[in-house]
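Engineer: Quick one, entry_17.pdb (PDB, C-alpha atoms):
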ATOM      1  CA  MET A   1       4.551 -47.053  24.920
ATOM      2  CA  PRO A   2       3.942 -43.582  26.356
ATOM      3  CA  MET A   3       7.036 -41.502  26.947
ATOM      4  CA  THR A   4       6.846 -39.527  30.156
ATOM      5  CA  THR A   5       8.760 -36.312  30.545
ATOM      6  CA  HIS A   6       9.550 -35.398  34.124
ATOM      7  CA  GLU A   7       8.512 -32.068  35.564
ATOM      8  CA  ARG A   8      11.662 -30.003  35.350
ATOM      9  CA  PRO A   9      12.462 -26.772  37.179
ATOM     10  CA  LEU A  10      11.686 -23.697  35.087
ATOM     11  CA  SER A  11      14.338 -21.090  34.472
ATOM     12  CA  PRO A  12      13.765 -17.744  36.189
ATOM     13  CA  HIS A  13      11.297 -15.646  34.249
ATOM     14  CA  LEU A  14      11.456 -12.038  33.011
ATOM     15  CA  GLN A  15      10.234 -10.328  36.177
ATOM     16  CA  ILE A  16      13.079 -11.780  38.249
ATOM     17  CA  TYR A  17      15.705  -9.689  36.448
ATOM     18  CA  LYS A  18      16.526  -6.012  36.836
ATOM     19  CA  VAL A  19      15.508  -4.169  33.679
ATOM     20  CA  GLU A  20      18.613  -3.194  31.716
ATOM     21  CA  LEU A  21      19.072  -1.303  28.445
ATOM     22  CA  PRO A  22      20.318  -4.265  26.329
ATOM     23  CA  MET A  23      17.264  -6.264  27.396
ATOM     24  CA  LEU A  24      14.900  -3.410  26.471
ATOM     25  CA  LEU A  25      16.595  -2.987  23.092
ATOM     26  CA  SER A  26      16.318  -6.709  22.385
ATOM     27  CA  GLY A  27      12.577  -6.490  22.956
ATOM     28  CA  LEU A  28      12.395  -3.274  20.937
ATOM     29  CA  HIS A  29      14.089  -5.021  17.996
ATOM     30  CA  ARG A  30      11.265  -7.558  17.883
ATOM     31  CA  ILE A  31       8.506  -5.005  18.483
ATOM     32  CA  THR A  32       9.787  -2.705  15.715
ATOM     33  CA  GLY A  33      10.113  -5.793  13.478
ATOM     34  CA  ILE A  34       6.429  -6.583  14.019
ATOM     35  CA  ALA A  35       5.516  -2.921  13.462
ATOM     36  CA  LEU A  36       7.423  -2.904  10.173
ATOM     37  CA  SER A  37       5.749  -6.137   9.045
ATOM     38  CA  VAL A  38       2.361  -4.504   9.570
ATOM     39  CA  GLY A  39       3.720  -1.258   8.113
ATOM     40  CA  SER A  40       4.521  -3.001   4.816
ATOM     41  CA  ILE A  41       0.750  -2.893   4.191
ATOM     42  CA  LEU A  42       0.987   0.903   4.371
ATOM     43  CA  LEU A  43       3.839   1.011   1.847
ATOM     44  CA  VAL A  44       1.975  -1.158  -0.684
ATOM     45  CA  ALA A  45      -1.224   0.867  -0.116
ATOM     46  CA  TRP A  46       0.708   4.097  -0.702
ATOM     47  CA  ILE A  47       2.310   2.828  -3.949
ATOM     48  CA  SER A  48      -1.024   1.435  -5.191
ATOM     49  CA  SER A  49      -2.955   4.601  -4.354
ATOM     50  CA  ALA A  50      -0.421   6.728  -6.248
ATOM     51  CA  VAL A  51      -0.525   4.442  -9.287
ATOM     52  CA  TYR A  52      -4.271   3.787  -9.551
ATOM     53  CA  SER A  53      -6.193   6.903  -8.565
ATOM     54  CA  ALA A  54      -5.809  10.583  -7.786
ATOM     55  CA  GLU A  55      -8.662  10.433  -5.235
ATOM     56  CA  ALA A  56      -7.139   7.468  -3.409
ATOM     57  CA  PHE A  57      -3.745   9.206  -3.311
ATOM     58  CA  ALA A  58      -5.349  12.400  -1.993
ATOM     59  CA  SER A  59      -7.227  10.602   0.793
ATOM     60  CA  MET A  60      -4.090   8.618   1.605
ATOM     61  CA  ASN A  61      -2.175  11.874   2.027
ATOM     62  CA  ARG A  62      -4.989  13.362   4.097
ATOM     63  CA  PHE A  63      -4.801  10.368   6.421
ATOM     64  CA  LEU A  64      -0.994  10.504   6.634
ATOM     65  CA  GLY A  65      -1.104  14.253   7.277
ATOM     66  CA  GLY A  66      -3.560  13.932  10.195
ATOM     67  CA  TYR A  67      -2.691  13.300  13.826
ATOM     68  CA  ILE A  68      -3.071   9.515  13.619
ATOM     69  CA  GLY A  69      -1.262   9.378  10.283
ATOM     70  CA  GLN A  70       1.652  11.466  11.526
ATOM     71  CA  PHE A  71       1.907   9.307  14.652
ATOM     72  CA  VAL A  72       1.902   6.144  12.532
ATOM     73  CA  LEU A  73       4.469   7.607  10.122
ATOM     74  CA  PHE A  74       6.761   8.730  12.930
ATOM     75  CA  GLY A  75       6.551   5.287  14.572
ATOM     76  CA  TRP A  76       7.176   3.725  11.183
ATOM     77  CA  THR A  77      10.257   5.909  10.558
ATOM     78  CA  PHE A  78      11.694   5.157  13.988
ATOM     79  CA  SER A  79      10.944   1.428  13.616
ATOM     80  CA  LEU A  80      12.661   1.255  10.229
ATOM     81  CA  ILE A  81      15.737   3.170  11.356
ATOM     82  CA  TYR A  82      16.004   1.545  14.799
ATOM     83  CA  HIS A  83      15.510  -1.986  13.437
ATOM     84  CA  SER A  84      18.161  -1.322  10.754
ATOM     85  CA  VAL A  85      20.777   0.110  13.136
ATOM     86  CA  SER A  86      20.081  -2.625  15.677
ATOM     87  CA  GLY A  87      20.164  -5.153  12.825
ATOM     88  CA  VAL A  88      23.656  -4.015  11.843
ATOM     89  CA  ARG A  89      24.738  -4.661  15.446
ATOM     90  CA  HIS A  90      23.256  -8.149  15.128
ATOM     91  CA  LEU A  91      25.297  -8.709  11.958
ATOM     92  CA  ILE A  92      28.433  -7.562  13.819
ATOM     93  CA  TRP A  93      27.578  -9.952  16.674
ATOM     94  CA  ASP A  94      27.289 -12.763  14.111
ATOM     95  CA  THR A  95      30.972 -12.274  13.281
ATOM     96  CA  GLY A  96      31.793 -12.869  16.963
ATOM     97  CA  ARG A  97      32.639  -9.245  17.745
ATOM     98  CA  LEU A  98      31.330  -6.870  20.468
ATOM     99  CA  LEU A  99      30.071  -9.757  22.570
ATOM    100  CA  GLU A 100      31.749  -8.786  25.866
ATOM    101  CA  VAL A 101      29.188  -7.678  28.459
ATOM    102  CA  ARG A 102      30.803  -4.219  28.686
ATOM    103  CA  GLN A 103      30.591  -3.831  24.891
ATOM    104  CA  ILE A 104      26.953  -4.932  24.847
ATOM    105  CA  TYR A 105      26.099  -2.099  27.252
ATOM    106  CA  SER A 106      28.081   0.586  25.439
ATOM    107  CA  SER A 107      26.889  -0.461  21.973
ATOM    108  CA  SER A 108      23.297  -0.423  23.257
ATOM    109  CA  LYS A 109      23.643   3.268  24.076
ATOM    110  CA  ILE A 110      25.258   3.922  20.693
ATOM    111  CA  VAL A 111      22.544   2.047  18.773
ATOM    112  CA  LEU A 112      19.722   3.886  20.564
ATOM    113  CA  THR A 113      21.384   7.292  20.140
ATOM    114  CA  ILE A 114      22.065   6.785  16.424
ATOM    115  CA  ALA A 115      18.500   5.582  15.842
ATOM    116  CA  ILE A 116      16.927   8.570  17.622
ATOM    117  CA  VAL A 117      19.230  11.101  15.938
ATOM    118  CA  LEU A 118      18.685   9.637  12.450
ATOM    119  CA  THR A 119      14.903   9.483  12.972
ATOM    120  CA  LEU A 120      14.746  13.154  13.994
ATOM    121  CA  LEU A 121      17.122  14.078  11.156
ATOM    122  CA  ALA A 122      14.968  12.229   8.594
ATOM    123  CA  TRP A 123      11.861  14.091   9.817
ATOM    124  CA  ILE A 124      13.569  17.462   9.780
ATOM    125  CA  LEU A 125      14.901  16.858   6.250
ATOM    126  CA  ALA A 126      11.479  15.651   5.064
ATOM    127  CA  GLY A 127       9.881  18.789   6.506
ATOM    128  CA  GLY A 128       7.712  16.733   8.835
ATOM    129  CA  PHE A 129       8.128  19.175  11.784
ATOM    130  CA  PRO A 130       6.045  20.910  12.903
ATOM    131  CA  GLY A 131       2.431  20.626  11.858
ATOM    132  CA  GLY A 132       3.140  17.945   9.254
ATOM    133  CA  GLY A 133       3.285  19.517   5.798
ATOM    134  CA  ALA A 134       3.254  16.128   4.028
TER
ATOM    135  CA  MET G   1      33.017 -48.610  12.914
ATOM    136  CA  LYS G   2      30.167 -46.171  12.676
ATOM    137  CA  TYR G   3      29.582 -43.970  15.670
ATOM    138  CA  GLU G   4      26.095 -42.865  16.610
ATOM    139  CA  TYR G   5      26.154 -39.648  18.567
ATOM    140  CA  ARG G   6      22.451 -39.432  19.289
ATOM    141  CA  THR G   7      21.027 -40.981  22.437
ATOM    142  CA  PRO G   8      18.721 -44.026  22.091
ATOM    143  CA  LEU G   9      15.826 -41.912  23.425
ATOM    144  CA  SER G  10      16.434 -39.208  20.837
ATOM    145  CA  ILE G  11      16.422 -41.827  18.051
ATOM    146  CA  ALA G  12      13.231 -43.417  19.410
ATOM    147  CA  ARG G  13      11.455 -40.072  19.529
ATOM    148  CA  GLY G  14      12.547 -39.440  15.955
ATOM    149  CA  LEU G  15      12.105 -35.700  16.224
ATOM    150  CA  GLY G  16      15.398 -34.950  14.504
ATOM    151  CA  SER G  17      16.731 -31.445  14.260
ATOM    152  CA  SER G  18      14.793 -28.249  13.700
ATOM    153  CA  LYS G  19      14.607 -29.378  10.022
ATOM    154  CA  ASP G  20      15.137 -26.233   7.978
ATOM    155  CA  GLY G  21      16.612 -24.103  10.764
ATOM    156  CA  LEU G  22      19.895 -23.406   8.995
ATOM    157  CA  GLY G  23      18.145 -22.219   5.855
ATOM    158  CA  HIS G  24      15.993 -19.889   7.941
ATOM    159  CA  TRP G  25      19.024 -18.483   9.761
ATOM    160  CA  TRP G  26      20.994 -18.006   6.556
ATOM    161  CA  MET G  27      18.209 -16.312   4.605
ATOM    162  CA  GLN G  28      17.551 -13.963   7.534
ATOM    163  CA  ARG G  29      21.212 -12.859   7.429
ATOM    164  CA  LEU G  30      21.304 -12.674   3.636
ATOM    165  CA  THR G  31      18.195 -10.460   3.507
ATOM    166  CA  SER G  32      19.600  -8.342   6.388
ATOM    167  CA  ILE G  33      22.777  -7.644   4.441
ATOM    168  CA  ALA G  34      20.785  -6.774   1.311
ATOM    169  CA  LEU G  35      18.463  -4.516   3.315
ATOM    170  CA  VAL G  36      21.279  -2.322   4.694
ATOM    171  CA  PRO G  37      21.848  -0.412   1.408
ATOM    172  CA  LEU G  38      18.192  -0.816   0.359
ATOM    173  CA  VAL G  39      16.882   0.836   3.558
ATOM    174  CA  LEU G  40      19.412   3.681   3.193
ATOM    175  CA  TRP G  41      18.230   4.259  -0.366
ATOM    176  CA  PHE G  42      14.582   3.993   0.674
ATOM    177  CA  VAL G  43      14.857   6.495   3.544
ATOM    178  CA  VAL G  44      16.697   9.024   1.355
ATOM    179  CA  SER G  45      14.075   8.559  -1.388
ATOM    180  CA  ILE G  46      11.116   8.975   0.963
ATOM    181  CA  ILE G  47      12.665  12.171   2.370
ATOM    182  CA  ALA G  48      12.926  13.501  -1.196
ATOM    183  CA  LEU G  49       9.341  12.438  -2.006
ATOM    184  CA  ALA G  50       7.714  13.756   1.181
ATOM    185  CA  GLY G  51       5.162  16.448   0.452
ATOM    186  CA  GLN G  52       5.436  16.080  -3.350
ATOM    187  CA  ASP G  53       2.302  15.945  -5.540
ATOM    188  CA  ARG G  54       1.080  12.819  -7.334
ATOM    189  CA  GLY G  55       2.610  13.740 -10.693
ATOM    190  CA  HIS G  56       6.044  14.040  -9.141
ATOM    191  CA  VAL G  57       5.640  10.741  -7.238
ATOM    192  CA  LEU G  58       4.493   8.935 -10.416
ATOM    193  CA  THR G  59       7.403  10.281 -12.456
ATOM    194  CA  TRP G  60       9.731   9.066  -9.740
ATOM    195  CA  LEU G  61       8.102   5.618  -9.510
ATOM    196  CA  GLN G  62       8.139   5.311 -13.306
ATOM    197  CA  SER G  63      11.898   5.559 -13.578
ATOM    198  CA  PRO G  64      13.280   2.053 -14.263
ATOM    199  CA  ILE G  65      15.989   2.302 -11.628
ATOM    200  CA  HIS G  66      13.557   3.425  -8.918
ATOM    201  CA  GLY G  67      10.977   0.836  -9.966
ATOM    202  CA  VAL G  68      13.516  -1.983  -9.868
ATOM    203  CA  VAL G  69      15.163  -0.965  -6.589
ATOM    204  CA  LEU G  70      11.806  -0.300  -4.898
ATOM    205  CA  SER G  71      10.596  -3.760  -6.026
ATOM    206  CA  LEU G  72      13.795  -5.306  -4.665
ATOM    207  CA  PHE G  73      13.351  -3.440  -1.380
ATOM    208  CA  LEU G  74       9.721  -4.535  -1.083
ATOM    209  CA  ILE G  75      10.370  -8.222  -1.883
ATOM    210  CA  THR G  76      13.478  -8.444   0.324
ATOM    211  CA  ALA G  77      11.737  -6.652   3.211
ATOM    212  CA  LEU G  78       8.662  -8.904   2.957
ATOM    213  CA  TYR G  79      10.823 -12.031   2.848
ATOM    214  CA  HIS G  80      12.800 -10.823   5.881
ATOM    215  CA  ALA G  81       9.598  -9.851   7.726
ATOM    216  CA  ASN G  82       8.128 -13.273   7.042
ATOM    217  CA  LEU G  83      11.179 -15.025   8.523
ATOM    218  CA  GLY G  84      11.044 -12.766  11.576
ATOM    219  CA  LEU G  85       7.326 -13.302  12.096
ATOM    220  CA  GLN G  86       7.829 -17.067  11.821
ATOM    221  CA  ALA G  87      10.410 -16.947  14.645
ATOM    222  CA  ILE G  88       8.062 -14.838  16.760
ATOM    223  CA  PHE G  89       5.119 -17.206  16.200
ATOM    224  CA  GLU G  90       7.318 -20.179  17.117
ATOM    225  CA  ASP G  91       8.498 -18.442  20.284
ATOM    226  CA  TYR G  92       5.223 -17.109  21.624
ATOM    227  CA  ILE G  93       2.412 -19.274  20.271
ATOM    228  CA  GLN G  94       2.142 -22.605  22.074
ATOM    229  CA  ALA G  95      -0.863 -24.194  20.342
ATOM    230  CA  ARG G  96       0.446 -25.966  17.267
ATOM    231  CA  TRP G  97      -2.667 -25.290  15.143
ATOM    232  CA  LEU G  98      -2.584 -21.560  15.926
ATOM    233  CA  GLN G  99       1.156 -21.369  15.275
ATOM    234  CA  LEU G 100       0.708 -23.052  11.907
ATOM    235  CA  SER G 101      -2.324 -20.932  10.972
ATOM    236  CA  SER G 102      -0.404 -17.765  11.831
ATOM    237  CA  ARG G 103       2.507 -18.840   9.651
ATOM    238  CA  ILE G 104       0.197 -19.634   6.759
ATOM    239  CA  ALA G 105      -1.589 -16.276   7.129
ATOM    240  CA  ALA G 106       1.765 -14.447   7.227
ATOM    241  CA  ASP G 107       2.962 -16.344   4.137
ATOM    242  CA  PHE G 108      -0.197 -15.489   2.198
ATOM    243  CA  ALA G 109      -0.063 -11.834   3.289
ATOM    244  CA  ALA G 110       3.601 -11.513   2.252
ATOM    245  CA  VAL G 111       2.986 -13.040  -1.185
ATOM    246  CA  PHE G 112      -0.126 -10.895  -1.708
ATOM    247  CA  LEU G 113       1.636  -7.655  -0.722
ATOM    248  CA  GLY G 114       4.654  -8.490  -2.871
ATOM    249  CA  PHE G 115       2.544  -9.209  -5.959
ATOM    250  CA  ALA G 116       0.286  -6.184  -5.367
ATOM    251  CA  GLY G 117       3.240  -3.807  -5.004
ATOM    252  CA  VAL G 118       5.243  -5.134  -7.941
ATOM    253  CA  PHE G 119       2.108  -5.335 -10.123
ATOM    254  CA  ALA G 120       1.327  -1.661  -9.457
ATOM    255  CA  LEU G 121       4.895  -0.665 -10.326
ATOM    256  CA  LEU G 122       4.873  -2.787 -13.508
ATOM    257  CA  ARG G 123       1.489  -1.393 -14.506
ATOM    258  CA  LEU G 124       2.943   2.087 -14.192
ATOM    259  CA  ALA G 125       6.171   1.217 -16.000
ATOM    260  CA  ILE G 126       4.522  -0.588 -18.911
ATOM    261  CA  GLY G 127       1.410   1.592 -18.963
ATOM    262  CA  GLY G 128      -2.196   0.559 -19.353
TER
END
Take the structure in the file and give it back as structure tokens.
Structural biologist:
Amino acid sequence: MPMTTHERPLSPHLQIYKVELPMLLSGLHRITGIALSVGSILLVAWISSAVYSAEAFASMNRFLGGYIGQFVLFGWTFSLIYHSVSGVRHLIWDTGRLLEVRQIYSSSKIVLTIAIVLTLLAWILAGGFPGGGA
Amino acid sequence: MKYEYRTPLSIARGLGSSKDGLGHWWMQRLTSIALVPLVLWFVVSIIALAGQDRGHVLTWLQSPIHGVVLSLFLITALYHANLGLQAIFEDYIQARWLQLSSRIAADFAAVFLGFAGVFALLRLAIGG
């Protein structure tokens, strides 16, 4: 016997809401997660190139030192740091803390600020600014 | 007397729960917790390695502690990434065949990358 499901009203979709920081950061958590998943290929390629051949390692470094490479590396650094800081907030949420609306807004600003500051700090310490010495 | 909490329709459909949802949730948290110190260590290490020549990088990779922790980071990160990708596929891909194919591709990619990375590190550590 076929089971019919009635047409039910759909919940309001994304474009109905005003864009707010917590909502952007939620999306950013997923996007940086996807970027890092793809970026894991880069990490394995970098390790392998170092281990197996001097030429491969040299061309890897040439790529990473170029405009595209530096852009990818910077995005990768930000993704790793942002996703980690935001991930810690998720772990805190899992304990039932910081779940008041007011706290969600304030912690969003804190998470974004920490992520940006740490990303810039990591690049300054690594000597990545300016011109990309790596 | 045994109480049945599920509705007759739910029993007839026989779809059950999300099957292994709890395991997925738990492993995502477990890998997250492990990744907090691992990512810190990784970022500090990469800062120290940036701009160094191959000899320096190889010496660093060859150290047992770095080799072991880097392997742990790689495996844990790939496992965590795989769980995250699975959730994303389930959320955004409607067609069942495409959702399943994506999951299989992500599984294969994660296992391949994990083996390739750890193999390279072992090769370096053991020599050959």
Engineer: In Å, how far is it from CA of Gly55 (chain G) to CA of Val39 (chain G)?
Structural biologist: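 Value for the CA of Gly55 (chain G)-CA of Val39 (chain G) distance: 23.9 Å.
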Engineer: For chain A, work out the contacting residues on chain G at 6 Å, counting only C-alpha atoms, and write them as a PyMOL selection string.
Structural biologist: chain G and resi 47+50-51+81+117+120
Engineer: Would you list the contacts of region 68-75 of chain G as a list in words, taking every protein, DNA or RNA residue within 9 Å and counting only C-alpha atoms, but skipping same-chain residues closer than 4 positions in sequence?
Structural biologist: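 Here the qualifying residues turn out to be Ser40, Leu43 and Val44 of chain A; Ala34, Leu35, Leu38, Val39, Trp41, Phe42, Leu61, Ser63, Pro64, Tyr79, His80, Ala110, Val111, Leu113, Gly114, Phe115, Gly117, Val118 and Leu121 of chain G.
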Engineer: Point out the residue among A:His13, A:Glu20, A:His83, A:Met60 with the least atom-to-atom distance to Val101 (chain A), counting all atoms listed in the file.
Structural biologist: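 Selected residue with least distance to Val101 (chain A): A:Glu20.
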Engineer: Using only C-alpha atoms - which residues lie no farther than 12 Å from the point (5.6, -17.6, 15.0) in the file's frame? Write them as a ChimeraX atom specification.
Structural biologist: /A:30,34 /G:81-107
Engineer: Can I get the selection written as a PDB file, in the coordinates of the input, with C-alpha atoms?
Structural biologist:
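Written output follows (result-v8.pdb):
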ATOM      1  CA  ARG A  30      11.265  -7.558  17.883  1.00  0.00           C
ATOM      2  CA  ILE A  34       6.429  -6.583  14.019  1.00  0.00           C
TER       3      ILE A  34
ATOM      4  CA  ALA G  81       9.598  -9.851   7.726  1.00  0.00           C
ATOM      5  CA  ASN G  82       8.128 -13.273   7.042  1.00  0.00           C
ATOM      6  CA  LEU G  83      11.179 -15.025   8.523  1.00  0.00           C
ATOM      7  CA  GLY G  84      11.044 -12.766  11.576  1.00  0.00           C
ATOM      8  CA  LEU G  85       7.326 -13.302  12.096  1.00  0.00           C
ATOM      9  CA  GLN G  86       7.829 -17.067  11.821  1.00  0.00           C
ATOM     10  CA  ALA G  87      10.410 -16.947  14.645  1.00  0.00           C
ATOM     11  CA  ILE G  88       8.062 -14.838  16.760  1.00  0.00           C
ATOM     12  CA  PHE G  89       5.119 -17.206  16.200  1.00  0.00           C
ATOM     13  CA  GLU G  90       7.318 -20.179  17.117  1.00  0.00           C
ATOM     14  CA  ASP G  91       8.498 -18.442  20.284  1.00  0.00           C
ATOM     15  CA  TYR G  92       5.223 -17.109  21.624  1.00  0.00           C
ATOM     16  CA  ILE G  93       2.412 -19.274  20.271  1.00  0.00           C
ATOM     17  CA  GLN G  94       2.142 -22.605  22.074  1.00  0.00           C
ATOM     18  CA  ALA G  95      -0.863 -24.194  20.342  1.00  0.00           C
ATOM     19  CA  ARG G  96       0.446 -25.966  17.267  1.00  0.00           C
ATOM     20  CA  TRP G  97      -2.667 -25.290  15.143  1.00  0.00           C
ATOM     21  CA  LEU G  98      -2.584 -21.560  15.926  1.00  0.00           C
ATOM     22  CA  GLN G  99       1.156 -21.369  15.275  1.00  0.00           C
ATOM     23  CA  LEU G 100       0.708 -23.052  11.907  1.00  0.00           C
ATOM     24  CA  SER G 101      -2.324 -20.932  10.972  1.00  0.00           C
ATOM     25  CA  SER G 102      -0.404 -17.765  11.831  1.00  0.00           C
ATOM     26  CA  ARG G 103       2.507 -18.840   9.651  1.00  0.00           C
ATOM     27  CA  ILE G 104       0.197 -19.634   6.759  1.00  0.00           C
ATOM     28  CA  ALA G 105      -1.589 -16.276   7.129  1.00  0.00           C
ATOM     29  CA  ALA G 106       1.765 -14.447   7.227  1.00  0.00           C
ATOM     30  CA  ASP G 107       2.962 -16.344   4.137  1.00  0.00           C
TER      31      ASP G 107
END
Engineer: Is it possible to get the axis-aligned box enclosing region 103-106 of chain G (all listed atoms, 6 Å extra per side) as JSON, with centre and edge lengths in Å rounded to one decimal?
Structural biologist:
{"center_x": 0.5, "center_y": -17.0, "center_z": 8.2, "size_x": 16.1, "size_y": 17.2, "size_z": 14.9}
Engineer: Just give me the gap between CA of Gly23 (chain G) and CA of Leu78 (chain G) in Å, one decimal is fine.
Structural biologist: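 Interatomic distance, CA of Gly23 (chain G) to CA of Leu78 (chain G): 16.6 Å.
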Engineer: What is the CA of Ile33 (chain G) to CA of Trp76 (chain A) distance in Å?
Structural biologist: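 Between these atoms lies a distance of 20.4 Å.
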